[in-house]
Every structure is written in C-alpha cells, then in structure tokens.
Amino acid sequence: MRFMLLFSRQGKLRLQKWYTATAERDKKKMVRELMQVVLARKPKMCSFLEWRDLKIVYKRYASLYFCCAVEEHDNELITLEVIHRFVELLDKYFGSVCELDIIFNFEKAYFILDEFLMGGEIQDTSKKSVLKAIEQADLLQEEDESPRSVLEEMGLA
Amino acid sequence: MALKIVKGSIDRMFDKNLQDLVRGIRNHKEDEAKYISTCIDEIKQELKQDNIAVKANAVCKLTYLQMLGYDVSWAAFNIVEVMSSSKFTYKRIGYLAASQCFHEGTDVIMLTTNQIRKDLSSPNQYDTGVALTGLSCFVTPDLARDLANDIMTLMSHTKPYIRKKAVLIMYKVFLKYPESLRPAFPRLKEKLEDPDPGVQSAAVNVICELARRNPKNYLSLAPLFFKLMTSSTNNWVLIKIIKLFGALTPLEPRLGKKLIEPLTNLIHSTSAMSLLYECVNTVIAVLISLSSGMPNHSASIQLCVQKLRILIEDSDQNLKYLGLLAMSKILKTHPKSVQSHKDLILQCLDDKDESIRLRALDLLYGMVSKKNLMEIVKKLMLHVDKAEGTTYRDELLTKIIDICSQSNFQYITNFEWYISILVELTRLEGTRHGHLIASQMLDVAIRVKAIRGFAVAQMATLLDNAHLLTGNTQRNGICEVLYAAAWICGEFSEHLEDPMQTLEAMLRPKVATLPGHIQAVYVQNAAKLFATVLRKHDGETESQAAQETSQLLIDRLPLFVQSANLEVQERASCILQLVKYIQKLQQKNVEVAEEVTALFAGELNPVAPKAQKKVPIPEGLDLDAWINEPPSGSESEDEKPKAVFAKEEPKHSRSRHTEVDEKELARRREVRKQEQASNPFYIKASPSSQKVYDAPGVEHIPVVQIDLSVPLKVPGMPMSDQYLKLEEERRQKEKAERKKKEKKKKREKRGKERKADSGPESEEDITPAHQVDIVTEEMPENALPSDDDDKDPNDPHKALDIDLDKYVPHCRHLQFIHVLHIVMCRNEFFSKTEIYDFRRIQKKMLCSIETRLNQLSWFPVQKSSKHKKKKQKKEKEEKEKKKKKRHHHHHQHHGDAGGEDSVQNGTVEEEEPLPVSQSHSVSLKREVKVYDIQGNHQDESKVVVSVIFENKSDSFLKAMEFNVLDSLNSKLQRPEGAGAHDSLTVPFQLPPGVSNEARFVFSVQSIVMPQKLKGTLTFIVKSDESSTHEKLDFKLHFTCTSYLITTPCYSDAYAKLLESGDLKGSSLRLEGINMPFHHLLARICFHHHFSVVERIDSCASMYSRSIQGHHVCLLVKTSDQTVSIDAKCDEPSLLGNVLDEIKQTFSKC
C-alpha cells in the first residue's frame, strides 16, 4: 500500500499516512487531486478506480471517506477488507466511532493505524491482538502521566 | 526547584492542548488562516520552553497542523527532542510527528540514528515498537545502513510483538539498503516457520513483496510456500502466498501445473470473495504462462470464466468491476471462452457506473470479430449519442477507433462503412479527439487504395459543410478533421467528381478562422486541386474553366498571404505567385497542365512509426561530435573543477574534427551516396521517383469491382447503419451461394467432411466486401532490431535483485554484522549547517557520519541452519573444544590472509559449517568508533575503537580481558602505571545472548599506511558444571580509509583546493563495473567515507579528509563498464592506499 487517506465529504483531510517517502508538495497535490476524483463519484459506483499508476480503493463510512492507494497487482478486495478492519478497530476503540472522535483524537487514530498496518503491510490480522497492544501502550502512557497530574494539582493549589 | 515545577504547571494550564486547537479552528471558520498563524506563534513560544511536556503538546498540535497542509519543517529539531524523551507518552508523540513530517531530505534525520538505536534496544517493548513504526515511515538509506544490524537482531526478539514489526520493517530497510538483504535473508526465511502467526504472516508478506519484484531469486522457496498454502487457513496469508506463486510460475512452468489443482479446489471451496478473486487471477496467470493449447486446462479456464460470470452478474458493483477486469486478462489468451459471454458484457455497457462501462469497453476491444464488428460498433454509436459526460463520450470514441483499427484493420470488411462511421463521429460536440479521427481518415485513405474514391467524395462533402463543424467555437477539437479532409481531397484529387467545387469550398473566407496548421494544408492542397483542374481541361484551347480557376485562386489567396501564421503566409504567397505566372502563360495559350501536375507527382507511402528511429547510423557518423567548436562561453565555472584533472576531454572534439581531411570527406560522401541509392526512402533529386514505390505489394492491388449496391455518392451525411443492413444481405447472399456450391460439392464428394455447413458461419467464411489490399507500413531496409526498453532504471526494487541462493563466501560489504564501525563527530561538520544548537545535540546524541571500514570476521557466514539439535548434548560438549580449535584455526587463517581473503575463508566454512547458535565459542562483533567528545580537531592521533561483544553461546562469560600487541605506529592506550603489554579488563560480564560495547583508545602516529594489530581476548566460560578459561585471537585492521572522515565540501571551496596546486595526483581504472552510477557513488561514499561535491551526468567529484587534515579529492567518471578515478591528495602514499582499498571494494562485487 502506498498511502491511506481519510477525508470528509466536504473535502477536509482527517488522516493521512504515507508509506513511501513523498515530498510535501507532491503529497498536497495528490491529496487534492484524489479527493476531487473520489468525491465526484456517485454513491452507486464501485469502490475502485485507476489513478495515475495506482489503484485507488475507497469506501465511505458515514461522512468519512477511507481511501487507499495500492499498486497495480494488489488485491482490491483485500484492501477493502483492510479498510473495513480499520474502521472496526476504530469503532471498538472509541465505541461507535464518529468523525469527531477522529478529529479530536487524531493521534490515537494514528496509533491504532500504526498498530494495524506498518510500512503499508498488515501487521496483525487479529483484531484482538491489535487492540490489546493499543490498550497496553495506553496504560503505559497513563502511568507516565499520573505522577504529573499530581504535580499539576500542586500547581493549582 | 519546586517553584519552577509549579510555574511550569501553571504555564501548561494556559497552553492550548490539541482539543483546544481543533475546537478553535472549527470556531474560526472565517479567518482560519489568521487563527492558525497565531496558534503557530504560540507553538513557537512553547517549543522554546524547557518543559518536555509543553514541547510534546506543541509538537502534537503541529502534527495536526501539518495534516491541514501547513509547513512545519522548521520544527524538525523539536520533534527530535520529543522523540528522545524518556517518557513513552512523549516519545510516542515525537515518533508520530516524525513519521508524518520527515522525509529523505529532512536534515535532522541523521541526528536520530543513535536515539533510534537506543529505543530499539529498550527493555520496554512499546518503546521499541514505536521506534520501529516511526522508522518504517522515514527510513533513509543512511538509517537503513546503520540500523539494519539492530533490526536484524530484533527479528529474533523474544516477544512476537517486536518480531513481527522487525520482520515487516526489514522490507523497507532492504529497499533503502539492498546490501542488507543477503545477510538478513536466512533469518527472514526462518520466520516463515515462526510459532506466532502474526510473525509468520509478516514474513510471508515481506518475502512476497520481494519475490514479486525479483521472482527468480525466490524459486527455491516454492516447496516451503506450497506447504504453507496447503496448510494455512488464514485468508490474508493465503492471498499473499497465492500472489507469490503467480509471480513464480512464469519462471517455472512445472510449478504451474502443480498449482492448478489446489487452486481450483480453493476456488470451489472458499466463501471469501477476495480469496476467490486472487485464485482466479493466479490461475489465469498460470495458464497464460503455461504453453497454451493444453486441452486439460480448458476446464480450469471454463471454471474461471464461470466464476467471473457470477461476479459480473452480482449486484455488488465492486464484484462486477473486478469480474470484468479479470475477464479482460483471460481475453488475451483465451478469447473464445470470453466471447461466449458477449451478451453479459454488452449489458454492462448500460450500467450506471461509468468505471464499469469503461471496463466493459476494454473487453469489447478483444471480443470483436469480422462477424460482429459492425453490430458492436452500432451499439457503441448509440451509446455515443446517449452519453452525457464528455469524458465518457471521448472514451467511447477512442474505443470505437481502437476496436476498428486494431491489428491493421483486421476486422473491417467494409471500409466504406468505416469511413461513414468516422464521418458520423465528426458530429460529436466538444470532443478532444478530432486529431484521432483525422489520423484514421488519413490512414484509411492512404493505405486502402480501393476506398480512395469513396473517401474523397466523403471528404469533399465534409469540406463543403465545414461550417457545420466550425460554426461553434466550442467544437474546436473537431476541426482537426478538416486537416485530413483537405489533404485527402488534394492528394487524391483525381477521384474528385467536381474539383472546382471543392477548390471553391477550400478557399472560402471562413477558412481563415481555422487554426494555422489547417489553413496551411488548405492552401497547399488548393494548389494540388488547381493542378487537377488544369489537367482536366488539358488540350482545350482557351479553356474558360482553367482560366476561371486561376482567377479564383488569384482572388482568394491574398487573404491567406495576410495570415499571421508564417507557414500559411509563406505557402500562400508562393502559390499565389505561381498561379499568377501560370495565368500569364494561359493567356499566351501555353500548355501548362503537365508542368503543374509534375509539381505534385509521386505517391506518398505510409511509413512505420518507428522507421525513423530504426535507420541505422551510418558508419563514421558521430551524432554527438561538435560540428563547430563549442562556444567558449560554455567553458565557464561549471567545468572548472573538471579542468583541474586536465589530461582530457574538451580538446577531443577539436582534434577529431581536424583529423577529417578532404579525402576522407570525399570518401564518406561517396559512401553516403551509395547508401542513399540503395535506400528507397531517400528522396532523390529526380522528380520521377515513382519507380521507387514499385514495391511488390502495390502492384498486386487489384482494380476494385465496387459493389454496385453501395451508392458511391452519399448525399449529405452518410449513415453507417445502411451498411449494416447491406452487409447482412450480402452475407446472406454469399452464404446461400456457398451452400449451393457446397451441396454441389457434397454431391460430388460424399464422404468428405465439411466444417461449417449449417452452424454459425466461422470467421474465415466472411469475405470482405472489397478486395482490400492494405498497404503495409514501410521500414528502413536494415532496420535495427526492436529495442524496447524493459525496466525503469530508477525502480528501487531493481537493486534487490540479489541471488540469495548463490553463496557468497566472504564479502566485506555484506557481512555488516562483523564490521568495524567508525563514527566521527566533529564540530566543523556541524558548523556548516549552523541551524541548530549543536552543542546541545552533541550531549544527547553522537553520530553523524557513519561508515564502515573493515571487518573482523570471527565467524563465517552461516550457510544454513538445518543441522541443529540433532546431536546429543554430550557430544556437543565433547565437540565443542574441537570446534573451538578449528575455529581458531580458521581465524588464524583469516588473519594470515589479511582480512580480505575471501576464498580461503569460504572454503574453511564449507568443510565445517558452524551453526553459531550451537557453538560455545563467543561470537563477537566488533565496532570501532572514533569520535571526539570535545568536538575539536586537536587530537588528531587518537582513534577510539568501540567493540561490541556478543555472547552467542549458552554459557555465562566473565572476566574478559582485551589485549592488543602494539606496533610502533599504533598503540593501545592503557591507564597510567600499567605496563606496555598489560591487558585491559572489559568492564562487564556477558550472560548468554547478551551483547555490550566497550571502547578502547588507540594512539596512531602515521596514518598514511594501513595497519593490522594482533590481539587476544581471554575470558572464562562458566556453565552449570564447570568453568573453563578460553581465549580468542583476533586482528584489528586499520585501513587508510578508516582514517578518512566524511566531510562535506562546497564546490567553490573544492575548486579552490584543486587550483592551489599543492595536491599530487594519481589515478585508477576499474573495468567491468556493472552497476548504476549512483550505486557506485554510494558505495564509495559508504565504504570510503567520501562525500559527493558535485555530480554531472556520469561524472562526479568527491571529497574526503583524513583525521590529520589531508585533503583527498576524487573525480569519478564512468562510461560503459569502465570507471576511471582521478585522485588528488597532499599525501601520495595515503592516496595510493586509499585507491587500493577502493579497488578492492569493487573487485568484490
């Protein structure tokens, strides 16, 4: 997989993950172009399209478009599955996820994505183990944070 | 202190966190940019604070802004700071920001090496995980090179969580640093059988990706994958494996045969569409690669087509789309099986989804036959009328033309029909493809001689109705058609019914509104028509018509003479003068027709598109040579650095030029003439060159008996439909006649079997309406063989084409595990950049330029790890000593041979492969790290060698003592008071499987010669039962390269340095170097610590500097497989040794 984008129906980018190093300018151009193409498609159209030398697989969940760019010989259906799995993971983690969850906790969404995919390849096919890894990392984070919150209270007092 | 904390906390309270920022942006919809710029100012303030929590928060916000498209590259260093926080919370944010913002050009990436290395070896698996994830996004060739070893170690980590990440990231590392593939591959292969399914699938993923790009190197893994495929139940893994097989089968057809069965089983049994689709795709690929015509495989094809039909019939648009996509793959090799589903595919043309319709169109391309072409095109024409969007309509148009013109108009039986279709297509509004239609018209009219009469008539009508096409400015694209129409009418004007009328149409004032290039064609062809008219009235004295024509031209042409387009203007004034002259002659009753016609005599034949490219370059013609001396201006600054290495180049052209004397020129002229004489495509001086075109094909063109049922003159616009009907009738008639004949024949020869007497007529039975001889395209006689370039040379995957089965006995650059490592960190390196506060960085992380120098191979490359654990433990114990001895022997051997002796080392290994994991001996990998903590240049004689001790045995190692036999030049620095031969105690012990690093300082006096130092490591091996004293000999190899420090140098400074004349030169030639130039440079940079100053095409200047301040300059040039290196240095013997070492590096590849 080359990259994954999440954007809203209004054409606002919500998440982007590039698995090959790309210059910032090219990224912007590609994102803009791709959003235009995908948003112009009608709801009844199929989820695949050929774009430049890549295959684009996208799917719309509520107001969000999940859009992946894969190479020519990649399997489109499994990419759809990847998208769906990612949505499921988000859903499990946030509890019936909505666009706002991703906007306000965008770093969490990235962490989940990073646990699920790495370098554009699926890391773990089991939902459970991905969620477990995220939970434990979060726990670790809380341990980190808890002593400071005491200090903060001190600061308040 | 407490106050500070309190203050920090209060500060934090007033900072915006990410949520505040997001909310703020949402609340400032109108002045978002302004709001964000104030936010960025705040963030800049926050980043200045010492509190890491504040910084992390700021970086987190920046990451969000980066996504919105704001430039945050200025904060790259702060991101590095947050990455290096010891707290996981911040580290995580830091790495996330880095993975989003860093790319290869980010200069602070080089500062992260040590931090990442630290995180990779962190006891906390989530630290490691976060570092791996981040690294996978921004890994650069430098990082890959420096960290490959660490990541490889992680592939055998105890936690599967780390293992799977390490395995996956290896793919990225391979791409950036292909040399790491060979040493890492055995371990990667092991992971295919990892007990953890996640790790296993990661390994499958990586190997599949590798194999897809360079399949031939992975054929040997086929049995293993076959086993996995038949045993695995994980669809994700299965899909990858099946894809891998798809890549392998073209190389090994036997594999394909074996695969068909399990794959068809899967197709039958699976319920997962993705897997089904993958299987079908692979079966198709397999069948394509197998030699066609195997009868027993038609069943598999049938199965695939059936399954695809189900997909296409599905209501899910996605499946429909993919079904059509896969169908088009089958079509290429098994068109018959697909053609039977024509109904279904035509149905898809009516689908709501445009992408599905386009797919169906692709399929139609391959499904046409002589029989159904007209019918299919008719259907497409209907769609053209219905299509609402121009893109889809244009697509339809190109498809119609593609379908009809494919393989040299193979399926067209009636060209009148085709011309009519083309003319109908000109009515399309706003199409961009006018030129496409035009080129088809030209193509058909030129190549199908029989059709010219009809074509000319149609084109004349088009010209007459040109106002319909040009009337609307929006339809500009289509006016290209007039270009073809005018040319056809002019060129084949002998077929024109009424040339005068057409001439009139071509000279209407409205024509002047057409694009210039079309007007030019109009003018030129008006002259041709003029010639035709004159000839027509030849012989009539005082022909009124001829004179009227001249007058018409004289009246109308001045309009074109005024054209702003130069081409039009020039042609028009030329022709105007010509006509005026003719008019004078006419008035004197002189016969002019013949002369005028001679102007346009000769026939133009179609030329193959590649013909020009394939004309062989005549011997002795150097297209790159200067015709005149190069202008002196070009010898400007760019070339200065080159010129310092004088000896060569710019003079060449001049000298070569003068060499060619008059005689030689005359001879060449003669040769050229001869060649032209035998070259039919060279236009010669004589105007009667028609003979040239007496190619065999042309003579055989029969005079066509045009079917009288087809009206030649179509009033107004032609309707292609009528041809369809006519064609059907004609076929019916033919069929009836054939049947009659057959019956006759049958009566005569009863027993003889006939193929198609009653069934649907087969392809061969349809005879074209016209006996059409299609003129083939011409090619130069001695055309060069086709030279289609195959692969993109810039494809990063190309570098990974490494034969992994081939055993490389001992290659320095591959065994990076055992490599001496020199790390240098000097102030002057940083001073050039001056962007960051480097004193602070230095405390945190050392390392800038890392390069390998040489290796100390204690251990042979492992060939395989199959022989393991078979032996009993006791045996092992007994053997251990023996092995040890042999091992020492081996090492000694290696030492004698001097580090470089690859073959001998290899042979020893062949005799006794030594599985490292079993051996009790201590596996050591050594690194030499040289750096200067003060960051100054005063200590130019100190070299710090950092040695990593790794215990690969099962026992505990302790009391390690390190000693080196000093030479006069290099001495190990011992603590004060110690004797000159005392050992240094290694300050740690090593439990099994643990590695640690110790540093030793050496003082070196002269650096101009390479040096080897012998040394010994003594240690106590402590196992449960016993403890023994062991010893291990080694050699430290200080190459001259190891005294070089990669130092950047600007080209102006470089030029100055070379001009100073203090440097002495030397040069080196390498033959048979078969690698891209940038690899070559990378290799020199990497192995010999050079940096590239400037690169122009296949020429590069490089610079390095020794620790004692010697300058070393290289000019590297390559042509074909030869590399020449001109070098300059203020110390000739140092230079000589460095060049020798470079030579050795390249002799190994």
# chains A, B, ... in the order shown; residues from 1 in each chain; ligands from 1

$ interface_residues --of "chain A" --to "chain B" --cutoff "6 Å" --atoms "only C-alpha atoms" --output "ChimeraX atom specification"
/A:19,21,45-46,77-78,104,119,124,141,152,155

$ write_last_selection --atoms "C-alpha atoms" --output "mmCIF file, in the first residue's frame"
data_model
loop_
_atom_site.group_PDB
_atom_site.id
_atom_site.type_symbol
_atom_site.label_atom_id
_atom_site.label_comp_id
_atom_site.auth_asym_id
_atom_site.auth_seq_id
_atom_site.Cartn_x
_atom_site.Cartn_y
_atom_site.Cartn_z
ATOM 1 C CA TYR A 19 4.124 4.532 3.393
ATOM 2 C CA ALA A 21 8.572 8.978 1.497
ATOM 3 C CA MET A 45 -20.339 3.439 -8.228
ATOM 4 C CA CYS A 46 -17.844 0.743 -7.455
ATOM 5 C CA LEU A 77 -10.968 -6.805 -2.212
ATOM 6 C CA ILE A 78 -8.440 -7.424 0.484
ATOM 7 C CA PHE A 104 -10.270 15.308 18.306
ATOM 8 C CA GLY A 119 5.022 0.116 6.073
ATOM 9 C CA ASP A 124 -1.687 -8.415 12.557
ATOM 10 C CA GLN A 141 1.057 6.304 28.843
ATOM 11 C CA GLU A 152 -0.439 19.763 38.361
ATOM 12 C CA GLY A 155 0.386 23.853 40.820
#

$ residues_around --residues "B:Lys958" --least-positions-apart "5" --cutoff "10 Å" --atoms "only C-alpha atoms" --output "PyMOL selection string"
chain B and resi 986-991+1018-1022+1027+1029

$ residues_around --residues "B:Ser1023" --least-positions-apart "3" --cutoff "9 Å" --atoms "only C-alpha atoms" --output "ChimeraX atom specification"
/B:954-957,1026-1028

$ write_last_selection --atoms "C-alpha atoms" --output "mmCIF file, in the first residue's frame"
data_model
loop_
_atom_site.group_PDB
_atom_site.id
_atom_site.type_symbol
_atom_site.label_atom_id
_atom_site.label_comp_id
_atom_site.auth_asym_id
_atom_site.auth_seq_id
_atom_site.Cartn_x
_atom_site.Cartn_y
_atom_site.Cartn_z
ATOM 1 C CA ASP B 954 24.618 -20.811 26.146
ATOM 2 C CA SER B 955 27.098 -20.101 28.885
ATOM 3 C CA PHE B 956 27.988 -17.168 31.011
ATOM 4 C CA LEU B 957 31.118 -15.276 30.071
ATOM 5 C CA SER B 1026 32.276 -26.175 35.035
ATOM 6 C CA SER B 1027 34.141 -23.090 34.161
ATOM 7 C CA THR B 1028 36.925 -23.002 31.642
#

$ closest_residue --among "B:Ser995, B:Ser231, B:Gln200, B:Thr1041" --to "A:Gln123" --atoms "only C-alpha atoms"
B:Gln200

$ residues_around --residues "A:Phe48" --least-positions-apart "5" --cutoff "7 Å" --atoms "only C-alpha atoms" --output "ChimeraX atom specification"
/A:55-58

$ select_by_dssp --residues "stretch 17-76 of chain A" --states "alpha helix (DSSP H)" --output "PyMOL selection string"
chain A and resi 24-39+76

$ residues_around --residues "B:Lys379" --least-positions-apart "2" --cutoff "12 Å" --atoms "only C-alpha atoms" --output "PDB file with C-alpha atoms, in the first residue's frame"
ATOM      1  CA  LEU B 346     -22.827  -5.675 -23.698  1.00  0.00           C
ATOM      2  CA  GLN B 347     -25.276  -5.489 -20.822  1.00  0.00           C
ATOM      3  CA  LEU B 349     -22.340  -1.100 -21.208  1.00  0.00           C
ATOM      4  CA  ASP B 350     -25.678   0.053 -19.860  1.00  0.00           C
ATOM      5  CA  LEU B 361     -15.436  -1.335 -23.272  1.00  0.00           C
ATOM      6  CA  LEU B 364     -15.184  -5.372 -26.239  1.00  0.00           C
ATOM      7  CA  ASN B 372     -19.821  -8.844 -35.066  1.00  0.00           C
ATOM      8  CA  LEU B 373     -17.775  -5.698 -35.531  1.00  0.00           C
ATOM      9  CA  MET B 374     -20.494  -3.720 -37.246  1.00  0.00           C
ATOM     10  CA  GLU B 375     -23.056  -4.760 -34.719  1.00  0.00           C
ATOM     11  CA  ILE B 376     -20.873  -3.875 -31.751  1.00  0.00           C
ATOM     12  CA  VAL B 377     -19.885  -0.541 -33.203  1.00  0.00           C
ATOM     13  CA  MET B 381     -22.590   4.601 -31.584  1.00  0.00           C
ATOM     14  CA  LEU B 382     -25.906   4.516 -29.786  1.00  0.00           C
ATOM     15  CA  HIS B 383     -24.066   4.994 -26.529  1.00  0.00           C
ATOM     16  CA  VAL B 384     -22.141   7.866 -28.007  1.00  0.00           C
ATOM     17  CA  ASP B 385     -25.419   9.600 -28.687  1.00  0.00           C
ATOM     18  CA  LYS B 386     -26.723   8.892 -25.219  1.00  0.00           C
ATOM     19  CA  LEU B 396     -16.225   5.738 -26.356  1.00  0.00           C
ATOM     20  CA  ILE B 400     -14.567   2.710 -31.375  1.00  0.00           C
ATOM     21  CA  SER B 720     -23.385   3.939 -41.388  1.00  0.00           C
ATOM     22  CA  ASP B 721     -26.431   1.929 -40.477  1.00  0.00           C
ATOM     23  CA  LEU B 724     -25.045  -2.886 -41.644  1.00  0.00           C
TER      24      LEU B 724
END

$ residues_around --residues "B:Met500" --least-positions-apart "6" --cutoff "9 Å" --atoms "only C-alpha atoms" --output "PyMOL selection string"
chain B and resi 529-530+533+545+549

$ write_last_selection --atoms "all heavy atoms" --output "mmCIF file, in the first residue's frame"
data_model
loop_
_atom_site.group_PDB
_atom_site.id
_atom_site.type_symbol
_atom_site.label_atom_id
_atom_site.label_comp_id
_atom_site.auth_asym_id
_atom_site.auth_seq_id
_atom_site.Cartn_x
_atom_site.Cartn_y
_atom_site.Cartn_z
ATOM 1 N N LEU B 529 -5.341 20.828 -56.134
ATOM 2 C CA LEU B 529 -6.612 20.800 -56.841
ATOM 3 C C LEU B 529 -6.532 21.626 -58.127
ATOM 4 O O LEU B 529 -7.061 21.243 -59.171
ATOM 5 C CB LEU B 529 -7.732 21.348 -55.951
ATOM 6 C CG LEU B 529 -8.238 20.388 -54.887
ATOM 7 C CD1 LEU B 529 -9.282 21.067 -54.017
ATOM 8 C CD2 LEU B 529 -8.852 19.158 -55.533
ATOM 9 N N PHE B 530 -5.829 22.714 -57.990
ATOM 10 C CA PHE B 530 -5.628 23.580 -59.142
ATOM 11 C C PHE B 530 -4.988 22.784 -60.283
ATOM 12 O O PHE B 530 -5.437 22.808 -61.431
ATOM 13 C CB PHE B 530 -4.753 24.758 -58.725
ATOM 14 C CG PHE B 530 -4.394 25.699 -59.824
ATOM 15 C CD1 PHE B 530 -5.385 26.301 -60.595
ATOM 16 C CD2 PHE B 530 -3.065 25.979 -60.118
ATOM 17 C CE1 PHE B 530 -5.044 27.177 -61.614
ATOM 18 C CE2 PHE B 530 -2.726 26.848 -61.135
ATOM 19 C CZ PHE B 530 -3.717 27.450 -61.885
ATOM 20 N N VAL B 533 -7.490 20.473 -61.857
ATOM 21 C CA VAL B 533 -8.439 21.160 -62.729
ATOM 22 C C VAL B 533 -7.777 21.444 -64.064
ATOM 23 O O VAL B 533 -8.347 21.213 -65.132
ATOM 24 C CB VAL B 533 -8.923 22.470 -62.076
ATOM 25 C CG1 VAL B 533 -9.798 23.257 -63.049
ATOM 26 C CG2 VAL B 533 -9.685 22.162 -60.810
ATOM 27 N N ALA B 545 -12.739 27.295 -68.240
ATOM 28 C CA ALA B 545 -12.723 26.749 -66.875
ATOM 29 C C ALA B 545 -11.352 26.924 -66.244
ATOM 30 O O ALA B 545 -11.232 27.361 -65.095
ATOM 31 C CB ALA B 545 -13.119 25.282 -66.905
ATOM 32 N N THR B 549 -10.436 29.169 -62.915
ATOM 33 C CA THR B 549 -9.798 28.615 -61.723
ATOM 34 C C THR B 549 -8.621 29.486 -61.288
ATOM 35 O O THR B 549 -8.470 29.803 -60.105
ATOM 36 C CB THR B 549 -9.296 27.187 -61.995
ATOM 37 O OG1 THR B 549 -10.266 26.512 -62.756
ATOM 38 C CG2 THR B 549 -9.041 26.438 -60.715
#

$ atom_distance --atom1 "atom CA of B:Phe225" --atom2 "atom CA of B:Phe245"
8.4 Å

$ atom_distance --atom1 "atom CA of B:Met152" --atom2 "atom CA of B:Ala166"
7.2 Å

$ atom_distance --atom1 "atom CA of B:Glu497" --atom2 "atom CA of B:Gln587"
26.5 Å
